[in-house]
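J.: run.txt is reproduced in full below (compact mmCIF, C-alpha atoms).
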# COMPACT_ATOMS: atom_id res chain seq x y z
CA MET A 1 0.00 0.00 0.00
CA SER A 2 1.40 3.45 -0.78
CA THR A 3 2.56 5.78 1.99
CA SER A 4 0.03 8.52 1.18
CA ARG A 5 -2.85 6.07 1.39
CA SER A 6 -1.57 4.68 4.71
CA VAL A 7 -1.39 8.20 6.15
CA LEU A 8 -4.87 8.93 4.83
CA ILE A 9 -6.33 5.82 6.45
CA LEU A 10 -4.65 6.62 9.76
CA SER A 11 -6.04 10.18 9.55
CA LEU A 12 -9.50 8.77 8.93
CA LEU A 13 -9.24 6.50 11.95
CA THR A 14 -8.05 9.45 14.08
CA ILE A 15 -11.02 11.58 12.96
CA LEU A 16 -13.40 8.73 13.69
CA THR A 17 -11.88 8.25 17.15
CA ILE A 18 -12.13 11.98 17.97
CA THR A 19 -15.68 12.27 16.65
CA CYS A 20 -17.02 9.08 18.18
CA GLY A 21 -14.85 8.93 21.24
CA SER A 22 -12.68 6.03 22.18
CA LEU A 23 -13.60 2.82 20.45
CA THR A 24 -13.47 1.05 23.79
CA THR A 25 -16.09 3.37 25.39
CA ALA A 26 -18.96 1.41 26.90
CA SER A 27 -21.63 3.98 26.11
CA PRO A 28 -23.12 3.83 22.60
CA PRO A 29 -22.66 6.93 20.41
CA SER A 30 -25.63 9.21 20.02
CA ALA A 31 -27.65 9.33 16.80
CA LYS A 32 -26.23 12.80 16.08
CA ALA A 33 -22.65 11.51 16.42
CA THR A 34 -23.44 8.61 14.07
CA MET A 35 -24.80 11.01 11.52
CA ASP A 36 -21.75 13.26 11.84
CA VAL A 37 -19.45 10.25 11.47
CA GLY A 38 -21.21 9.35 8.23
CA LEU A 39 -20.64 12.86 6.88
CA VAL A 40 -17.02 12.79 8.00
CA VAL A 41 -16.45 9.41 6.33
CA GLN A 42 -18.03 10.62 3.07
CA ALA A 43 -15.96 13.79 3.09
CA THR A 44 -12.80 11.86 3.84
CA LEU A 45 -13.43 9.33 1.07
CA ARG A 46 -14.18 12.15 -1.36
CA ALA A 47 -10.87 13.83 -0.39
CA VAL A 48 -8.97 10.55 -0.75
CA THR A 49 -10.46 9.99 -4.19
CA GLU A 50 -9.63 13.51 -5.36
CA GLN A 51 -6.07 13.27 -4.03
CA ALA A 52 -5.47 9.87 -5.60
CA GLY A 53 -6.75 10.98 -8.99
CA PRO A 54 -8.35 8.64 -11.48
CA ILE A 55 -7.74 4.96 -11.03
CA SER A 56 -6.08 3.57 -14.10
CA GLU A 57 -6.86 0.11 -15.33
CA PRO A 58 -3.90 -2.18 -15.72
CA SER A 59 -2.81 -2.01 -19.31
CA LEU A 60 -3.02 -5.10 -21.41
CA PRO A 61 0.03 -6.20 -23.32
CA PRO A 62 -0.02 -5.06 -26.92
CA ALA A 63 -1.55 -7.45 -29.40
CA PRO A 64 1.03 -9.57 -31.16
CA PRO A 65 1.78 -8.42 -34.68
CA ALA A 66 0.02 -10.23 -37.50
CA PRO A 67 2.12 -13.10 -38.79
CA ILE A 68 4.17 -12.24 -41.82
CA VAL A 69 3.11 -14.36 -44.76
CA THR A 70 6.18 -15.56 -46.60
CA THR A 71 4.70 -18.22 -48.86
CA GLY A 72 1.96 -18.55 -51.47
CA GLY A 73 0.26 -21.35 -53.31
CA ILE A 74 -0.66 -22.85 -56.68
CA ALA A 75 -4.08 -24.24 -57.63
CA GLY A 76 -5.67 -25.76 -60.68
CA GLN A 77 -8.16 -28.15 -62.24
CA LEU A 78 -7.28 -31.75 -63.09
CA MET A 79 -8.21 -34.19 -65.83
CA TYR A 80 -6.76 -37.36 -67.30
CA PRO A 81 -7.14 -39.02 -70.72
CA ALA A 82 -9.07 -42.03 -69.41
CA SER A 83 -12.55 -42.89 -68.18
CA GLY A 84 -11.52 -42.00 -64.62
CA LEU A 85 -9.16 -39.71 -62.76
CA PRO A 86 -6.28 -41.45 -60.97
CA SER A 87 -4.60 -40.18 -57.84
CA LEU A 88 -2.03 -37.65 -59.01
CA ARG A 89 1.17 -36.24 -57.59
CA ILE A 90 1.23 -32.54 -58.49
CA VAL A 91 4.80 -31.18 -58.45
CA ALA A 92 5.85 -27.54 -58.72
CA PHE A 93 9.48 -27.30 -59.89
CA GLN A 94 11.19 -24.04 -58.93
CA LEU A 95 13.04 -22.53 -61.86
CA GLY A 96 16.67 -21.77 -61.22
CA GLY A 97 16.61 -23.18 -57.70
CA GLY A 98 16.27 -26.92 -58.04
CA ALA A 99 13.67 -27.09 -55.26
CA TYR A 100 10.28 -28.70 -55.76
CA TYR A 101 7.01 -28.85 -53.80
CA TYR A 102 4.26 -31.39 -54.23
CA ILE A 103 0.89 -32.65 -53.11
CA ASP A 104 -0.87 -35.97 -53.77
CA THR A 105 -4.54 -35.98 -54.73
CA ALA A 106 -7.15 -38.64 -54.05
CA LEU A 107 -8.62 -40.95 -56.66
CA GLY A 108 -11.21 -38.95 -58.65
CA GLN A 109 -10.17 -35.56 -57.21
CA SER A 110 -10.62 -32.93 -59.93
CA SER A 111 -8.72 -29.99 -58.42
CA TYR A 112 -5.68 -29.32 -56.27
CA GLU A 113 -4.20 -26.54 -54.15
CA LEU A 114 -0.56 -26.64 -53.20
CA HIS A 115 0.26 -24.53 -50.11
CA ASN A 116 3.45 -23.17 -48.49
CA VAL A 117 5.24 -22.52 -51.76
CA PRO A 118 7.97 -19.86 -51.49
CA PRO A 119 7.71 -16.93 -53.90
CA GLY A 120 9.30 -17.65 -57.25
CA THR A 121 8.64 -19.05 -60.71
CA TYR A 122 7.59 -22.67 -61.15
CA HIS A 123 6.64 -25.31 -63.72
CA VAL A 124 3.77 -27.63 -62.74
CA VAL A 125 3.61 -31.31 -63.72
CA ALA A 126 1.13 -34.07 -62.70
CA TYR A 127 2.18 -37.71 -62.35
CA PRO A 128 -0.40 -40.50 -62.11
CA LEU A 129 -0.01 -42.71 -59.05
CA PRO A 130 -0.75 -46.43 -59.06
CA GLY A 131 -3.97 -47.57 -57.45
CA GLY A 132 -7.70 -47.59 -58.08
CA GLY A 133 -7.22 -49.59 -61.29
CA PHE A 134 -4.40 -47.37 -62.58
CA THR A 135 -0.86 -48.65 -62.89
CA GLY A 136 0.79 -45.40 -63.97
CA GLY A 137 0.81 -43.49 -67.22
CA PRO A 138 2.15 -40.38 -68.89
CA ALA A 139 2.93 -37.19 -66.99
CA GLY A 140 0.78 -34.15 -67.63
CA GLY A 141 2.14 -30.64 -67.73
CA TYR A 142 0.78 -27.14 -67.48
CA SER A 143 1.98 -26.29 -70.98
CA GLN A 144 1.08 -23.97 -73.87
CA LYS A 145 -1.21 -26.75 -75.15
CA VAL A 146 -3.55 -26.25 -72.15
CA PRO A 147 -4.67 -22.64 -72.84
CA CYS A 148 -4.88 -23.61 -76.54
CA GLY A 149 -7.69 -25.97 -75.48
CA LEU A 150 -5.74 -29.25 -75.92
CA GLN A 151 -7.02 -29.17 -79.51
CA TYR A 152 -5.57 -30.95 -82.49
CA GLY A 153 -3.01 -28.63 -84.01
CA CYS A 154 -1.95 -27.18 -80.65
CA ASN A 155 1.47 -28.76 -80.55
CA ASP A 156 3.41 -26.52 -78.15
CA HIS A 157 4.23 -28.55 -75.05
CA THR A 158 6.45 -25.84 -73.53
CA LEU A 159 5.75 -25.59 -69.80
CA ILE A 160 4.21 -22.27 -68.71
CA ASP A 161 5.90 -20.23 -65.99
CA VAL A 162 3.73 -19.99 -62.86
CA VAL A 163 4.64 -17.03 -60.66
CA VAL A 164 3.99 -17.40 -56.93
CA THR A 165 3.89 -14.37 -54.63
CA ALA A 166 3.69 -14.28 -50.84
CA GLY A 167 0.15 -14.39 -49.47
CA ASN A 168 -1.49 -15.31 -52.80
CA VAL A 169 -2.63 -18.50 -54.50
CA THR A 170 -1.91 -18.56 -58.23
CA ALA A 171 -4.91 -20.29 -59.77
CA GLY A 172 -5.39 -21.79 -63.22
CA ALA A 173 -2.21 -23.88 -63.33
CA ASP A 174 -3.94 -26.93 -64.87
CA PRO A 175 -1.36 -29.69 -65.61
CA ASN A 176 -3.52 -31.43 -68.21
CA ASP A 177 -1.21 -31.81 -71.24
CA TYR A 178 -0.64 -35.59 -71.31
CA TYR A 179 0.28 -35.56 -75.01
CA ALA A 180 3.96 -34.57 -74.98
CA GLU A 181 6.56 -37.02 -76.20
CA PRO A 182 7.89 -39.35 -73.49
CA GLY A 183 10.54 -37.47 -71.52
CA GLY A 184 9.05 -34.11 -72.58
CA PHE A 185 8.42 -33.20 -68.94
CA PRO A 186 10.77 -33.65 -65.98
CA PRO A 187 10.61 -37.06 -64.29
CA ASN A 188 8.79 -37.46 -60.98
CA PRO A 189 11.31 -36.38 -58.31
CA VAL A 190 9.46 -38.14 -55.49
CA PRO A 191 9.81 -41.95 -55.52
Can the structure in the file be given as structure tokens, please?

T.:
Amino acid sequence: MSTSRSVLILSLLTILTITCGSLTTASPPSAKATMDVGLVVQATLRAVTEQAGPISEPSLPPAPPAPIVTTGGIAGQLMYPASGLPSLRIVAFQLGGGAYYYIDTALGQSSYELHNVPPGTYHVVAYPLPGGGFTGGPAGGYSQKVPCGLQYGCNDHTLIDVVVTAGNVTAGADPNDYYAEPGGFPPNPVP
């Protein structure tokens, strides 16, 4: 307790003792004395409050800063040149860095979203995984043939650069060109 408050409380007790008499007195205080004590107590509390000033609430610690987003993502639609859609391993190869990031999809899953990809430029390739009646097959790439509509006469299988920025998901990277010559896309880096 602070010194000024201790002194104030002692002063209050002294005033009460003088006004009411000794606390050990056997005779009860008169009604007038009780009323005066009430006024004295109110005045004293008012003085204490004014002297102390406003009571400040304890301050809360500052809110933690929002996390800094340092990665992005890649998303796209999936297809396969068969009557069904196998499980696929979607791999994003970082250009100039040698790193790659991947996600596996479920049997019949028609879209993907790859998260936690560092900013940079990537090529996206899909590799069929064995299972569900599929034993493997050709890799599919997000190439110039995809925006051309995979039509006859669209023969450019050059992989399209996919740019990833922090905090954003780059959509529309559909690795659906399964018509390149064998070895036209990088091999699956994940055994």

J.: By how many Å are CA of Thr165 (chain A) and CA of Tyr122 (chain A) apart?

T.: 11.2 Å

J.: Report the distance between CA of Asp156 (chain A) and CA of Ser143 (chain A) in Å, rounded to one decimal place.

T.: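 Result for CA of Asp156 (chain A) versus CA of Ser143 (chain A): 7.3 Å, one decimal.
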
J.: Find the residues around Ser83 (chain A) up to 12 Å (all atoms listed in the file counted), leave out those fewer than 5 positions away in its own chain, and share them as an NGL selection string.

T.: :A and (108 or 133-134)

J.: Keeping only C-alpha atoms, take the residues you just selected and write them out as a compact mmCIF listing (two decimals), in the coordinates of the input.

T.:
# COMPACT_ATOMS: atom_id res chain seq x y z
CA GLY A 108 -11.21 -38.95 -58.65
CA GLY A 133 -7.22 -49.59 -61.29
CA PHE A 134 -4.40 -47.37 -62.58

J.: At what distance in Å, to one decimal, does CA of Pro138 (chain A) lie from CA of Asn116 (chain A)?

T.: 26.7 Å

J.: Just give me the residues with any atom within 10 Å of (-9.6, -44.9, -59.4), file coordinates, counting only C-alpha atoms, written as a PyMOL selection string.

T.: chain A and resi 83-87+106-109+129-134

J.: Compute the distance from (11.2, -15.5, -62.7) to each atom, counting all atoms listed in the file, keep the residues with any atom at most 10 Å away, and return them as a PyMOL selection string; use the coordinates of the file.

T.: chain A and resi 94-96+119-122+161-164

J.: With C-alpha atoms kept, could you save the residues just selected as a PDB file, in the coordinates of the input?

T.:
ATOM      1  CA  GLN A  94      11.190 -24.040 -58.930  1.00  0.00           C
ATOM      2  CA  LEU A  95      13.040 -22.530 -61.860  1.00  0.00           C
ATOM      3  CA  GLY A  96      16.670 -21.770 -61.220  1.00  0.00           C
ATOM      4  CA  PRO A 119       7.710 -16.930 -53.900  1.00  0.00           C
ATOM      5  CA  GLY A 120       9.300 -17.650 -57.250  1.00  0.00           C
ATOM      6  CA  THR A 121       8.640 -19.050 -60.710  1.00  0.00           C
ATOM      7  CA  TYR A 122       7.590 -22.670 -61.150  1.00  0.00           C
ATOM      8  CA  ASP A 161       5.900 -20.230 -65.990  1.00  0.00           C
ATOM      9  CA  VAL A 162       3.730 -19.990 -62.860  1.00  0.00           C
ATOM     10  CA  VAL A 163       4.640 -17.030 -60.660  1.00  0.00           C
ATOM     11  CA  VAL A 164       3.990 -17.400 -56.930  1.00  0.00           C
TER      12      VAL A 164
END

J.: In terms of the shortest atom-to-atom distance over all atoms listed in the file, which of A:Gly38, A:Gly137, A:Pro189, A:Pro58 is closest to Gly98 (chain A)?

T.: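 That would be A:Pro189, the residue with the smallest distance to Gly98 (chain A).
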